[in-house]
Each structure stands twice: as structure tokens, then as C-alpha cells.
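Below is the file input-v9.csv, which contains CSV, C-alpha atoms.
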chain,number,residue,atom,x,y,z
H,1,MET,CA,78.5,141.1,122.2
H,2,THR,CA,81.9,140.2,123.6
H,3,SER,CA,82.4,138.7,126.9
H,4,TYR,CA,84.2,140.5,129.7
H,5,GLY,CA,88.0,140.6,129.4
H,6,SER,CA,88.4,139.0,126.0
H,7,SER,CA,88.8,140.5,122.5
H,8,SER,CA,87.4,138.9,119.3
H,9,SER,CA,90.9,138.7,117.7
H,10,ALA,CA,92.4,136.8,120.7
H,11,SER,CA,89.6,134.2,120.8
H,12,SER,CA,89.7,133.5,117.1
H,13,ARG,CA,93.4,132.7,116.9
H,14,SER,CA,94.7,129.4,118.1
H,15,GLY,CA,98.3,128.9,119.4
H,16,THR,CA,98.9,125.6,117.5
H,17,ASN,CA,99.1,124.9,113.8
H,18,GLY,CA,96.1,122.8,112.7
H,19,LEU,CA,98.2,121.0,110.0
H,20,ALA,CA,100.7,119.9,112.6
H,21,VAL,CA,97.9,118.5,114.8
H,22,ALA,CA,96.3,116.7,111.7
H,23,SER,CA,99.7,115.3,110.9
H,24,LEU,CA,100.2,113.9,114.4
H,25,VAL,CA,96.7,112.4,114.4
H,26,CYS,CA,97.1,110.8,111.0
H,27,GLY,CA,100.5,109.4,112.1
H,28,ILE,CA,99.0,107.9,115.3
H,29,VAL,CA,95.9,106.4,113.5
H,30,GLY,CA,98.1,105.2,110.7
H,31,LEU,CA,100.0,103.0,113.2
H,32,LEU,CA,96.8,101.1,113.8
H,33,VAL,CA,94.9,101.1,110.5
H,34,PHE,CA,95.4,102.3,106.9
H,35,SER,CA,99.1,102.8,107.2
H,36,VAL,CA,99.7,102.9,103.5
H,37,VAL,CA,97.2,105.8,103.1
H,38,LEU,CA,97.7,107.7,106.3
H,39,GLY,CA,101.5,107.5,106.3
H,40,PRO,CA,102.0,109.7,103.3
H,41,VAL,CA,99.2,112.0,104.4
H,42,ALA,CA,101.0,112.5,107.8
H,43,ILE,CA,104.3,113.2,106.0
H,44,VAL,CA,102.8,115.8,103.7
H,45,LEU,CA,100.7,117.5,106.4
H,46,GLY,CA,103.8,117.6,108.7
H,47,ALA,CA,106.0,119.1,106.0
H,48,VAL,CA,103.5,121.9,105.3
H,49,GLY,CA,102.9,122.4,109.0
H,50,LEU,CA,106.6,122.6,109.6
H,51,ARG,CA,106.9,125.4,107.1
H,52,GLN,CA,104.1,127.3,108.8
H,53,THR,CA,105.5,127.0,112.3
H,54,ALA,CA,107.1,130.4,112.3
H,55,ALA,CA,103.7,132.0,112.2
H,56,LYS,CA,101.6,129.5,114.1
H,57,GLY,CA,103.8,127.3,116.2
H,58,GLY,CA,103.6,123.5,116.6
H,59,ALA,CA,107.0,122.4,115.2
H,60,GLY,CA,107.2,119.5,117.6
H,61,MET,CA,103.9,118.1,116.5
H,62,ALA,CA,104.8,118.5,112.9
H,63,LYS,CA,108.1,116.7,113.3
H,64,ALA,CA,106.4,113.9,115.3
H,65,GLY,CA,103.8,113.6,112.5
H,66,ILE,CA,106.5,113.2,109.9
H,67,VAL,CA,108.4,110.6,112.0
H,68,LEU,CA,105.1,108.7,112.6
H,69,GLY,CA,104.3,108.8,108.9
H,70,ILE,CA,107.6,107.4,108.0
H,71,LEU,CA,107.2,104.7,110.6
H,72,ASP,CA,103.8,103.9,109.2
H,73,LEU,CA,105.4,103.2,105.8
H,74,VAL,CA,108.2,101.2,107.3
H,75,ILE,CA,105.8,99.0,109.2
H,76,PHE,CA,103.7,98.5,106.0
H,77,GLY,CA,106.8,97.5,104.1
H,78,VAL,CA,107.9,95.0,106.8
H,79,LEU,CA,104.4,93.5,106.9
H,80,LEU,CA,104.4,93.3,103.1
H,81,ALA,CA,107.8,91.6,103.1
H,82,VAL,CA,106.8,89.1,105.8
H,83,SER,CA,103.7,88.1,104.0
H,84,ALA,CA,105.5,87.7,100.7
H,85,SER,CA,108.3,85.6,102.2
H,86,GLY,CA,105.8,83.3,104.0
H,87,GLY,CA,104.5,82.0,100.7
H,88,GLY,CA,102.3,84.9,99.9
H,89,PHE,CA,98.9,84.3,98.6
H,90,SER,CA,98.0,81.3,96.6
H,91,TRP,CA,95.1,81.1,94.3
H,92,TYR,CA,94.3,77.5,93.8
H,93,VAL,CA,91.5,76.9,91.4
H,94,GLY,CA,90.7,73.4,90.4
H,95,GLY,CA,89.8,70.1,91.9

Please, can you express the file's structure as C-alpha cells?
Amino acid sequence: MTSYGSSSSASSRSGTNGLAVASLVCGIVGLLVFSVVLGPVAIVLGAVGLRQTAAKGGAGMAKAGIVLGILDLVIFGVLLAVSASGGGFSWYVGG
């Protein structure tokens, strides 16, 4: 049974690309945790979502996901460089 005033094809199609949304979410979460993992995932999902925007829409979210993914990797690189220049990690074994 269908509800009044809607068709089954209109309710099953979303106006936004799911990969673009996933890219944006991975980019935002990657700013907080797991930036080295979620950064590349956001870039890849954003690139694939950007290719599909002609059919599904969501170009802005895909571009934002790519930018946030790159920002995730830049922040990870800066944090890695800061920790390495501050003496890094020292493993002192002995007495």
C-alpha cells in the first residue's frame, strides 16, 4: 500500500549522494580522532562522490570532505613533526 500523494519511486530516491555525506562525516570525525585513517577515507569517498554528483547531487559536501580529509593529514603531519622535534620518544632501559 502506498500513502496518499506519494509514489514508491519518489520515496526511495534521496536527493543527496551518500558517498558525499560519508566523506564529510569522515572528514569531521577525522579532525577529532583517527586522522591518519579517516583522512584518506574522506579523500577517496569525496573523489568518488564528486564523480557521481551529476546523477545524485552533493558536490559541495564531496568537496568539503576532500578538503577536510587533506586537513586531517596536514594536522597529523604537524603533530608528528612537533612530537619528533621535541625529543620524540625515548626508551630508557636500565638502571

Given only C-alpha atoms as the basis, pick out the residue of H:Ala20, H:Ala84, H:Leu31, H:Leu73 nearest to H:Leu50. H:Ala20

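Checking H:Ile43, H:Val78, H:Val36, H:Met61 one by one against H:Leu24, counting all atoms listed in the file, you find the shortest gap at H:Met61.
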
Test item: which residues lie within 12 Å of (100.6, 122.1, 103.5) counting all atoms listed in the file, as a ChimeraX atom specification: /H:17-20,22-23,41-53,62

Which residues, written as a count of residues only, have at least one atom at most 6 Å from H:Thr16, with only C-alpha atoms counted and residues fewer than 4 positions away on the same chain left out? 3

Within 12 Å of H:Gly30, counting only C-alpha atoms, which residues show up once you throw out same-chain ones fewer than 3 positions away? Write them as a PyMOL selection string, please. chain H and resi 22-27+33-43+65-76

In Å, with one decimal, what is the gap from atom CA of H:Val29 to atom CA of H:Gly60? 17.8 Å

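Take atom CA of H:Ser85 and atom CA of H:Ile28: the distance between them is 27.5 Å.
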